[in-house]
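Structure data follow from upload_2.txt (compact mmCIF, C-alpha atoms):
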# COMPACT_ATOMS: atom_id res chain seq x y z
CA MET A 1 5.26 98.34 6.83
CA ARG A 2 2.24 99.16 9.00
CA LYS A 3 4.41 99.16 12.12
CA PHE A 4 6.99 101.32 10.35
CA LEU A 5 4.33 103.86 9.30
CA ALA A 6 2.91 103.92 12.81
CA THR A 7 6.38 104.67 14.15
CA LEU A 8 6.77 107.50 11.66
CA VAL A 9 3.43 108.98 12.69
CA ALA A 10 4.34 108.74 16.37
CA CYS A 11 7.69 110.40 15.76
CA ALA A 12 6.08 113.17 13.76
CA ALA A 13 3.55 113.78 16.52
CA ALA A 14 6.30 113.94 19.12
CA ALA A 15 8.29 116.35 16.99
CA ALA A 16 5.25 118.59 16.55
CA LEU A 17 4.67 118.64 20.30
CA ALA A 18 8.30 119.49 20.97
CA ALA A 19 8.14 122.29 18.42
CA GLY A 20 5.32 123.95 20.34
CA PRO A 21 2.02 125.41 19.19
CA PRO A 22 1.54 126.18 15.51
CA ALA A 23 2.86 129.52 14.33
CA LEU A 24 0.25 132.15 13.55
CA ALA A 25 0.59 134.79 10.89
CA ALA A 26 1.42 138.09 12.57
CA ALA A 27 -1.37 140.64 12.37
CA PRO A 28 -1.38 144.22 13.64
CA LEU A 29 -2.04 144.84 17.31
CA THR A 30 -5.48 146.44 17.56
CA MET A 31 -5.66 146.99 21.34
CA LEU A 32 -2.88 149.48 22.06
CA GLY A 33 -3.62 150.12 25.68
CA ALA A 34 -2.70 152.03 28.80
CA ASP A 35 -4.05 151.49 32.30
CA VAL A 36 -4.25 155.04 33.68
CA SER A 37 -6.33 154.32 36.76
CA SER A 38 -4.26 156.60 39.01
CA VAL A 39 -4.27 159.62 36.69
CA GLN A 40 -7.60 161.05 37.83
CA ARG A 41 -6.27 161.54 41.36
CA ALA A 42 -2.99 162.94 40.01
CA LEU A 43 -4.81 165.54 37.93
CA ASP A 44 -7.06 166.44 40.85
CA LEU A 45 -3.89 167.14 42.84
CA GLY A 46 -2.54 169.41 40.11
CA ALA A 47 -0.14 167.05 38.34
CA ARG A 48 1.11 168.25 34.99
CA TYR A 49 2.05 166.17 31.97
CA TYR A 50 4.35 167.15 29.12
CA ASP A 51 4.86 165.70 25.66
CA ALA A 52 8.26 165.00 24.10
CA ALA A 53 8.48 168.59 22.88
CA GLY A 54 7.98 169.90 26.41
CA ASN A 55 4.41 171.11 25.89
CA GLN A 56 2.00 170.71 28.79
CA ARG A 57 -1.02 168.72 27.60
CA ASP A 58 -3.72 166.37 28.82
CA PRO A 59 -2.07 162.98 29.49
CA LEU A 60 -4.62 161.13 27.35
CA ASP A 61 -3.85 163.40 24.41
CA ILE A 62 -0.13 162.78 24.89
CA LEU A 63 -0.63 159.01 25.04
CA LYS A 64 -2.92 159.04 22.03
CA GLY A 65 -0.23 160.90 20.15
CA VAL A 66 2.24 158.06 20.73
CA GLY A 67 -0.15 155.34 19.64
CA VAL A 68 -2.58 154.54 22.47
CA ASN A 69 -6.12 153.75 21.33
CA TYR A 70 -7.49 151.93 24.39
CA VAL A 71 -7.72 152.90 28.07
CA ARG A 72 -8.06 150.46 30.96
CA LEU A 73 -9.64 151.62 34.23
CA ARG A 74 -9.81 149.51 37.37
CA ILE A 75 -12.94 149.68 39.49
CA TRP A 76 -13.09 148.98 43.21
CA ASN A 77 -16.42 148.52 44.94
CA ASN A 78 -16.06 150.91 47.88
CA PRO A 79 -12.46 152.05 48.32
CA ALA A 80 -11.75 154.22 51.37
CA SER A 81 -10.21 156.95 49.21
CA GLY A 82 -13.19 157.14 46.85
CA TYR A 83 -10.90 156.91 43.85
CA ASN A 84 -11.59 154.14 41.35
CA ASN A 85 -15.11 153.71 42.71
CA LYS A 86 -18.13 153.69 40.42
CA ALA A 87 -18.69 157.47 40.48
CA LYS A 88 -15.04 158.23 39.65
CA VAL A 89 -14.92 155.63 36.88
CA LEU A 90 -18.10 157.01 35.33
CA GLN A 91 -16.61 160.48 35.45
CA TYR A 92 -13.33 159.58 33.80
CA ALA A 93 -14.97 157.28 31.27
CA ARG A 94 -16.53 160.39 29.75
CA THR A 95 -13.07 161.90 29.35
CA VAL A 96 -11.73 158.70 27.79
CA LYS A 97 -14.53 158.42 25.26
CA SER A 98 -14.38 162.15 24.45
CA ARG A 99 -10.81 161.54 23.22
CA GLY A 100 -12.00 158.86 20.82
CA LEU A 101 -10.41 156.10 22.86
CA LYS A 102 -11.85 152.67 23.62
CA LEU A 103 -12.59 151.63 27.18
CA LEU A 104 -11.74 148.49 29.20
CA ILE A 105 -13.23 148.23 32.69
CA ASP A 106 -11.20 146.05 35.06
CA PHE A 107 -13.47 144.66 37.79
CA HIS A 108 -11.43 143.75 40.89
CA TYR A 109 -14.55 142.82 42.90
CA SER A 110 -12.82 144.22 45.97
CA ASP A 111 -12.44 147.48 47.89
CA THR A 112 -8.70 147.33 47.27
CA TRP A 113 -6.06 145.59 45.15
CA ALA A 114 -6.81 142.11 43.81
CA ASP A 115 -3.93 140.05 42.38
CA PRO A 116 -2.56 136.49 42.53
CA GLY A 117 -1.68 136.86 46.22
CA LYS A 118 -4.87 138.45 47.49
CA GLN A 119 -8.49 138.55 46.42
CA TYR A 120 -10.36 140.22 49.29
CA LYS A 121 -14.13 140.40 49.16
CA PRO A 122 -15.66 143.86 49.32
CA ALA A 123 -16.67 144.63 52.92
CA ALA A 124 -20.33 144.74 51.88
CA TRP A 125 -20.09 141.14 50.64
CA SER A 126 -17.88 139.79 53.41
CA GLY A 127 -20.49 137.53 54.97
CA HIS A 128 -21.93 136.25 51.70
CA GLY A 129 -21.63 132.65 50.57
CA ILE A 130 -21.29 131.45 47.00
CA GLY A 131 -25.01 131.66 46.24
CA GLN A 132 -25.29 135.31 47.25
CA LEU A 133 -21.92 136.13 45.68
CA GLN A 134 -23.21 135.04 42.28
CA SER A 135 -26.01 137.59 42.61
CA ASP A 136 -23.55 140.19 43.91
CA VAL A 137 -21.26 139.77 40.91
CA TYR A 138 -24.14 139.80 38.44
CA ASN A 139 -25.91 142.81 39.92
CA TYR A 140 -22.76 144.88 40.45
CA THR A 141 -21.38 144.14 36.99
CA TYR A 142 -24.71 144.87 35.34
CA ASP A 143 -25.17 148.09 37.32
CA VAL A 144 -21.72 149.48 36.44
CA CYS A 145 -22.00 148.48 32.79
CA SER A 146 -25.53 149.85 32.48
CA SER A 147 -24.57 153.13 34.15
CA LEU A 148 -21.69 153.54 31.72
CA LYS A 149 -23.98 152.69 28.82
CA ALA A 150 -26.63 155.19 29.98
CA GLN A 151 -24.16 158.08 29.82
CA GLY A 152 -22.92 157.09 26.37
CA THR A 153 -19.68 155.45 27.46
CA THR A 154 -20.48 151.76 26.99
CA PRO A 155 -17.37 149.71 27.78
CA ASP A 156 -15.80 148.05 24.76
CA SER A 157 -14.47 145.31 27.02
CA VAL A 158 -14.47 144.27 30.66
CA GLN A 159 -12.35 142.03 32.83
CA ILE A 160 -14.23 139.70 35.14
CA GLY A 161 -11.63 139.73 37.89
CA ASN A 162 -8.01 140.86 38.00
CA GLU A 163 -5.11 138.38 37.84
CA ILE A 164 -7.31 135.57 39.15
CA ASN A 165 -4.66 132.82 38.95
CA VAL A 166 -6.38 130.76 41.66
CA GLY A 167 -9.77 132.43 41.78
CA MET A 168 -11.44 135.57 43.13
CA LEU A 169 -13.62 136.62 46.05
CA TRP A 170 -11.70 134.37 48.43
CA ASN A 171 -12.26 132.04 50.04
CA ASP A 172 -15.57 131.14 48.41
CA GLY A 173 -14.30 131.71 44.88
CA LYS A 174 -10.82 130.27 45.42
CA VAL A 175 -9.78 127.17 43.47
CA VAL A 176 -8.94 124.49 46.05
CA ASN A 177 -7.96 120.91 45.18
CA ASN A 178 -8.44 121.65 41.47
CA ASP A 179 -12.14 122.37 42.01
CA PHE A 180 -13.22 125.21 39.71
CA THR A 181 -16.93 124.94 40.56
CA ASN A 182 -17.36 128.07 42.64
CA LEU A 183 -15.08 130.20 40.48
CA SER A 184 -16.95 129.10 37.37
CA LEU A 185 -20.26 130.22 38.89
CA LEU A 186 -18.84 133.69 39.58
CA LEU A 187 -17.30 134.02 36.13
CA LYS A 188 -20.55 132.98 34.49
CA ALA A 189 -22.42 135.59 36.53
CA GLY A 190 -20.03 138.32 35.37
CA TYR A 191 -20.14 137.18 31.75
CA ASN A 192 -23.94 136.97 31.68
CA ALA A 193 -24.33 140.39 33.30
CA THR A 194 -21.98 141.97 30.77
CA LYS A 195 -23.80 140.46 27.80
CA ALA A 196 -27.20 141.40 29.26
CA CYS A 197 -25.98 144.99 29.46
CA ASN A 198 -24.40 145.05 26.00
CA ALA A 199 -23.90 142.01 23.81
CA GLY A 200 -21.00 143.60 21.96
CA THR A 201 -18.85 144.20 25.04
CA GLN A 202 -15.96 141.73 25.04
CA VAL A 203 -15.30 139.73 28.21
CA ILE A 204 -11.67 139.18 29.20
CA ILE A 205 -10.59 136.61 31.78
CA HIS A 206 -7.21 137.69 33.11
CA THR A 207 -4.44 135.78 34.86
CA ALA A 208 -0.79 136.57 35.49
CA ASP A 209 0.22 133.22 33.97
CA ALA A 210 2.46 134.44 31.15
CA ASP A 211 5.36 132.81 33.00
CA SER A 212 4.01 129.25 32.80
CA ASP A 213 2.15 127.52 30.02
CA ALA A 214 1.40 124.65 32.40
CA ASN A 215 -0.23 127.02 34.92
CA ALA A 216 -2.14 128.81 32.19
CA ARG A 217 -3.43 125.52 30.79
CA TRP A 218 -4.44 124.39 34.29
CA PHE A 219 -6.49 127.53 34.81
CA TYR A 220 -8.15 127.94 31.43
CA ASP A 221 -8.71 124.20 31.00
CA GLY A 222 -10.32 124.26 34.43
CA ILE A 223 -12.82 126.99 33.68
CA ARG A 224 -13.51 125.68 30.18
CA ALA A 225 -14.37 122.27 31.61
CA LYS A 226 -17.00 123.99 33.76
CA GLY A 227 -18.59 125.67 30.77
CA VAL A 228 -17.28 129.19 31.37
CA ALA A 229 -17.49 131.46 28.32
CA TRP A 230 -15.10 134.30 27.59
CA ASP A 231 -14.08 136.31 24.54
CA ILE A 232 -10.43 137.23 25.11
CA THR A 233 -7.68 135.60 27.16
CA GLY A 234 -5.73 138.17 29.20
CA LEU A 235 -2.20 137.68 30.58
CA SER A 236 0.16 139.84 32.63
CA TYR A 237 3.81 139.97 31.60
CA TYR A 238 6.59 141.70 33.50
CA CYS A 239 9.96 140.38 32.37
CA MET A 240 11.52 140.54 35.84
CA TRP A 241 8.81 138.23 37.18
CA HIS A 242 7.53 136.27 34.18
CA GLY A 243 10.63 135.16 32.32
CA THR A 244 11.93 135.45 28.80
CA LEU A 245 10.27 136.84 25.72
CA SER A 246 10.64 133.45 24.04
CA ASN A 247 8.63 131.88 26.83
CA LEU A 248 6.03 134.63 26.53
CA SER A 249 5.76 133.86 22.82
CA TRP A 250 5.22 130.17 23.57
CA VAL A 251 2.44 130.89 26.10
CA ILE A 252 0.64 133.35 23.84
CA SER A 253 0.77 130.98 20.88
CA ASP A 254 -0.47 128.06 22.92
CA MET A 255 -3.30 130.02 24.53
CA ARG A 256 -4.40 131.27 21.14
CA SER A 257 -4.38 127.87 19.46
CA ARG A 258 -5.64 125.84 22.43
CA TYR A 259 -8.74 127.94 23.16
CA GLY A 260 -9.36 129.59 19.82
CA LYS A 261 -9.67 133.03 21.39
CA PRO A 262 -7.69 136.24 20.94
CA VAL A 263 -4.99 136.97 23.51
CA VAL A 264 -3.99 140.31 25.02
CA ILE A 265 -1.18 141.26 27.35
CA ALA A 266 -3.37 143.10 29.86
CA GLU A 267 -0.39 144.43 31.84
CA THR A 268 3.28 145.08 31.24
CA ALA A 269 5.83 147.72 32.30
CA TYR A 270 9.56 148.28 32.67
CA PRO A 271 11.69 150.63 34.82
CA PHE A 272 13.56 153.59 33.38
CA THR A 273 15.66 153.90 36.56
CA ALA A 274 16.42 152.06 39.79
CA ASP A 275 16.17 155.32 41.71
CA ASN A 276 13.20 156.20 43.87
CA ALA A 277 11.24 159.45 43.79
CA ASP A 278 9.56 159.33 47.20
CA SER A 279 9.59 157.70 50.63
CA THR A 280 7.87 154.52 49.41
CA GLY A 281 10.23 151.88 48.03
CA ASN A 282 9.94 150.86 44.42
CA SER A 283 8.04 147.68 43.59
CA VAL A 284 10.68 146.85 40.97
CA THR A 285 14.36 147.57 41.57
CA SER A 286 16.04 145.60 38.78
CA GLY A 287 15.66 145.12 35.06
CA CYS A 288 16.09 142.30 32.56
CA SER A 289 19.02 141.14 30.47
CA GLY A 290 19.63 143.28 27.41
CA TYR A 291 17.65 146.28 28.58
CA GLY A 292 19.16 149.06 30.65
CA LEU A 293 17.41 150.98 33.38
CA THR A 294 17.21 154.05 31.18
CA TRP A 295 14.65 155.78 29.00
CA GLN A 296 16.19 153.98 26.04
CA GLY A 297 15.99 150.64 27.83
CA GLN A 298 12.38 151.17 28.83
CA GLY A 299 11.42 152.05 25.28
CA ALA A 300 13.31 149.10 23.81
CA GLN A 301 11.84 146.59 26.25
CA PHE A 302 8.27 147.77 25.66
CA ALA A 303 8.86 147.58 21.91
CA ALA A 304 10.18 144.03 22.32
CA VAL A 305 7.09 142.98 24.27
CA GLN A 306 4.84 144.40 21.57
CA ASN A 307 6.84 142.72 18.81
CA THR A 308 6.78 139.38 20.63
CA ALA A 309 3.06 139.61 21.29
CA ARG A 310 2.31 140.53 17.69
CA ASP A 311 4.48 137.79 16.22
CA ALA A 312 2.91 135.20 18.54
CA GLY A 313 -0.60 136.13 17.39
CA ALA A 314 -1.80 138.40 20.22
CA ILE A 315 -4.13 141.30 19.44
CA GLY A 316 -3.07 143.83 22.06
CA VAL A 317 -0.71 145.06 24.76
CA PHE A 318 -1.54 147.33 27.72
CA TYR A 319 1.09 149.28 29.64
CA TRP A 320 0.24 149.36 33.34
CA GLU A 321 0.09 152.80 34.97
CA PRO A 322 2.31 154.78 32.59
CA THR A 323 1.03 158.06 34.10
CA TRP A 324 1.63 157.22 37.79
CA TYR A 325 4.61 159.42 38.57
CA ALA A 326 5.19 160.43 42.20
CA VAL A 327 2.67 163.09 43.18
CA PRO A 328 2.27 163.65 46.95
CA GLY A 329 -1.18 162.48 47.98
CA ASN A 330 -1.55 159.93 45.19
CA GLY A 331 -0.39 156.93 47.17
CA TRP A 332 -0.87 153.23 46.50
CA ASP A 333 -3.04 152.50 49.55
CA PRO A 334 -6.69 153.49 49.15
CA ALA A 335 -7.05 153.41 52.94
CA ASP A 336 -4.23 155.96 53.24
CA ILE A 337 -3.98 157.60 49.85
CA ASN A 338 -2.52 160.82 51.29
CA GLY A 339 0.04 159.17 53.54
CA SER A 340 1.24 156.33 51.31
CA GLY A 341 3.59 156.83 48.39
CA ASP A 342 4.07 155.57 44.85
CA GLY A 343 6.03 152.36 44.36
CA TRP A 344 5.68 152.68 40.57
CA ASP A 345 7.39 156.03 39.99
CA ASN A 346 10.33 154.36 38.19
CA MET A 347 8.00 152.27 36.00
CA ALA A 348 5.84 155.06 34.59
CA VAL A 349 6.62 156.40 31.12
CA PHE A 350 6.46 159.94 32.50
CA ASN A 351 9.42 160.95 34.63
CA TRP A 352 9.34 162.65 38.02
CA THR A 353 8.54 166.04 36.50
CA GLY A 354 5.79 164.67 34.26
CA HIS A 355 7.72 164.54 30.97
CA ILE A 356 7.09 161.56 28.71
CA ASN A 357 9.82 159.16 27.68
CA PRO A 358 10.39 160.04 24.01
CA ASN A 359 11.44 156.46 23.26
CA VAL A 360 8.11 154.86 24.17
CA ARG A 361 5.63 154.10 21.39
CA TRP A 362 2.60 151.88 21.02
CA THR A 363 2.80 150.33 17.57
CA PRO A 364 0.24 148.31 15.60

Kindly return the structure encoded in the file as structure tokens.
Amino acid sequence: MRKFLATLVACAAAAALAAGPPALAAAPLTMLGADVSSVQRALDLGARYYDAAGNQRDPLDILKGVGVNYVRLRIWNNPASGYNNKAKVLQYARTVKSRGLKLLIDFHYSDTWADPGKQYKPAAWSGHGIGQLQSDVYNYTYDVCSSLKAQGTTPDSVQIGNEINVGMLWNDGKVVNNDFTNLSLLLKAGYNATKACNAGTQVIIHTADADSDANARWFYDGIRAKGVAWDITGLSYYCMWHGTLSNLSWVISDMRSRYGKPVVIAETAYPFTADNADSTGNSVTSGCSGYGLTWQGQGAQFAAVQNTARDAGAIGVFYWEPTWYAVPGNGWDPADINGSGDGWDNMAVFNWTGHINPNVRWTP
């Protein structure tokens, strides 16, 4: 009998593992977000934005009207263009908060783009080793947060790094041979600086691992084992790169149950066309099964991501660069912002004349 019961227990355990993480009761999404980091430059160049009725309005007001309650702004240390540096972020943070929106600051810890394939140190830190880099991260994070706080725009949340699948501030902060030591020191510095500035600001640690639960476990297990603290787990999800919605659901559910922390989709987007508005090729040229490359398809796919995230127990979804339609002079390269173009013009939720897709909504 004892052997029989043991077999039953083992079978039950195996069945539970095969079934995946425990289901969580769906709760409303509370972080209904948009990363509008390029919009400041667009507005400075005279870009116009129109709501579904054709009225020209401030883009934040338009987005708020279709459900957005949270704005994400990237910050680069010393970008050649000046845009997305500390001064520009401080300036636009005042606009964000004046609209009654919450604020997420996305620290890239770079002078340019940081993502899974590149994590370049800022030029000013290029010769620094891990000891100095800890101080750099702490001091820079604290300075930005404190400056925002001093002007009455305290960030509600921050990201310590952007899509740091294998680390940040390479090569010192890169995870090599499964050694998370250096990365953990940098993440702790960012976390401690944020909490020293404002204890209520939530710290997000963000990877683009929505495609692979194994990769996500490897990363978050690795930093947890080194004693890294964080408040919210952030994932990027683009269906053309990160797989099915059912897989996304699995990863969200597992992250939520495994680490006991809320999960947000920090980035997502979908094309409304395969066509290109300028001389720079599109970053995405194809869609995903079941969703056309149309305004209707874009709206339906974004709704499906939100529904999947909500049902899997996530607390928020951010659309990446919905306002970045092709405006000459608002290019992707901070070292050549005037000469480079916009590879995201078919992924924005505003079309090439600045009119919003009437099918896109952020829903709790």

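Proximity ranking of A:Asn307, A:Gln119, A:Thr268, A:Asn198 relative to Tyr319 (chain A) places A:Thr268 first, based on all atoms listed in the file.
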
*Kindly provide, as a PyMOL selection string, the polymer residues lying within 12 Å of (-10.3, 166.4, 41.9), counting all atoms listed in the file and using the coordinates exactly as they appear in the file.*
chain A and resi 38-47+81-83+88+91-92+329-330

Could you save the residues just selected, with C-alpha atoms, as a tab-separated table (two decimals), in the coordinates of the input?
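Output saved as part-v1.tsv:
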chain	number	residue	atom	x	y	z
A	38	SER	CA	-4.26	156.60	39.01
A	39	VAL	CA	-4.27	159.62	36.69
A	40	GLN	CA	-7.60	161.05	37.83
A	41	ARG	CA	-6.27	161.54	41.36
A	42	ALA	CA	-2.99	162.94	40.01
A	43	LEU	CA	-4.81	165.54	37.93
A	44	ASP	CA	-7.06	166.44	40.85
A	45	LEU	CA	-3.89	167.14	42.84
A	46	GLY	CA	-2.54	169.41	40.11
A	47	ALA	CA	-0.14	167.05	38.34
A	81	SER	CA	-10.21	156.95	49.21
A	82	GLY	CA	-13.19	157.14	46.85
A	83	TYR	CA	-10.90	156.91	43.85
A	88	LYS	CA	-15.04	158.23	39.65
A	91	GLN	CA	-16.61	160.48	35.45
A	92	TYR	CA	-13.33	159.58	33.80
A	329	GLY	CA	-1.18	162.48	47.98
A	330	ASN	CA	-1.55	159.93	45.19

*Do you have the CA of Asn351 (chain A)-CA of Val66 (chain A) distance handy?*
15.9 Å

Against region 159-175 of chain A, which residues of region 229-289 of chain A fall within 10 Å? For each one I want the closest pair of atoms and the distance in Å (one decimal), counting only C-alpha atoms, rows by chain and increasing residue number, as a tab-separated table.
residue	atom	partner	partner_atom	distance
A:Trp230	CA	A:Ile160	CA	9.3
A:Ile232	CA	A:Gln159	CA	9.3
A:Thr233	CA	A:Gln159	CA	9.8
A:Gly234	CA	A:Gln159	CA	8.5
A:Leu235	CA	A:Glu163	CA	7.9
A:Ser236	CA	A:Glu163	CA	7.6
A:Ala266	CA	A:Glu163	CA	9.4
A:Glu267	CA	A:Glu163	CA	9.7

Determine, counting all atoms listed in the file, which protein, DNA and RNA residues have an atom within 12 Å of an atom of Gly100 (chain A); residues of the same chain fewer than 6 positions away are not included. Present the result as a PDB file with C-alpha atoms, in the coordinates of the input.
ATOM      1  CA  LEU A  60      -4.620 161.130  27.350  1.00  0.00           C
ATOM      2  CA  ASP A  61      -3.850 163.400  24.410  1.00  0.00           C
ATOM      3  CA  LYS A  64      -2.920 159.040  22.030  1.00  0.00           C
ATOM      4  CA  GLY A  65      -0.230 160.900  20.150  1.00  0.00           C
ATOM      5  CA  VAL A  68      -2.580 154.540  22.470  1.00  0.00           C
ATOM      6  CA  ASN A  69      -6.120 153.750  21.330  1.00  0.00           C
ATOM      7  CA  TYR A  70      -7.490 151.930  24.390  1.00  0.00           C
ATOM      8  CA  VAL A  71      -7.720 152.900  28.070  1.00  0.00           C
ATOM      9  CA  ALA A  93     -14.970 157.280  31.270  1.00  0.00           C
ATOM     10  CA  ARG A  94     -16.530 160.390  29.750  1.00  0.00           C
ATOM     11  CA  THR A 153     -19.680 155.450  27.460  1.00  0.00           C
TER      12      THR A 153
END

*asked:* I'd like the neighbourhood of region 222-224 of chain A as a PyMOL selection string, where a residue qualifies if any of its atoms comes within 9 Å (using only C-alpha atoms), though same-chain residues fewer than 5 positions away should be ignored.
replied: chain A and resi 178-181+183-184+187+217+229+259

*Near-region 352-355 of chain A list (10 Å; all atoms listed in the file; drop same-chain fewer than 3 positions) as a PyMOL selection string*: chain A and resi 47-56+59+276-278+323-327+345-346+348-349+358

*One decimal, Å: what's the distance from CA of Ala216 (chain A) over to CA of Ala304 (chain A), could you say?*
21.9 Å

_Under the rule that only C-alpha atoms are counted, which of A:Gln132, A:Asn282, A:Thr30, A:Gln151 is the nearest residue to Ala189 (chain A)?_
A:Gln132

*Fewer than 2 positions away in the same chain doesn't count, so skip those; otherwise give me all residues within 7 Å of Trp320 (chain A), counting all atoms listed in the file, as JSON, numbers by chain.*
{"A": [34, 35, 267, 268, 269, 318, 322]}

_Set the distance at 7 Å and use all atoms listed in the file: which residues neighbour Arg72 (chain A) once local chain neighbours fewer than 4 positions away are removed? I'd like the list as a list of chain:residue names._
A:Gly33, A:Ala34, A:Asp35, A:Val36, A:Leu103, A:Leu104, A:Ile105, A:Asp106

*Go through A:Ile315, A:Met31, A:Ala309, A:Leu245 and flag the residue nearest Gly290 (chain A), using only C-alpha atoms for the distances.*
A:Leu245
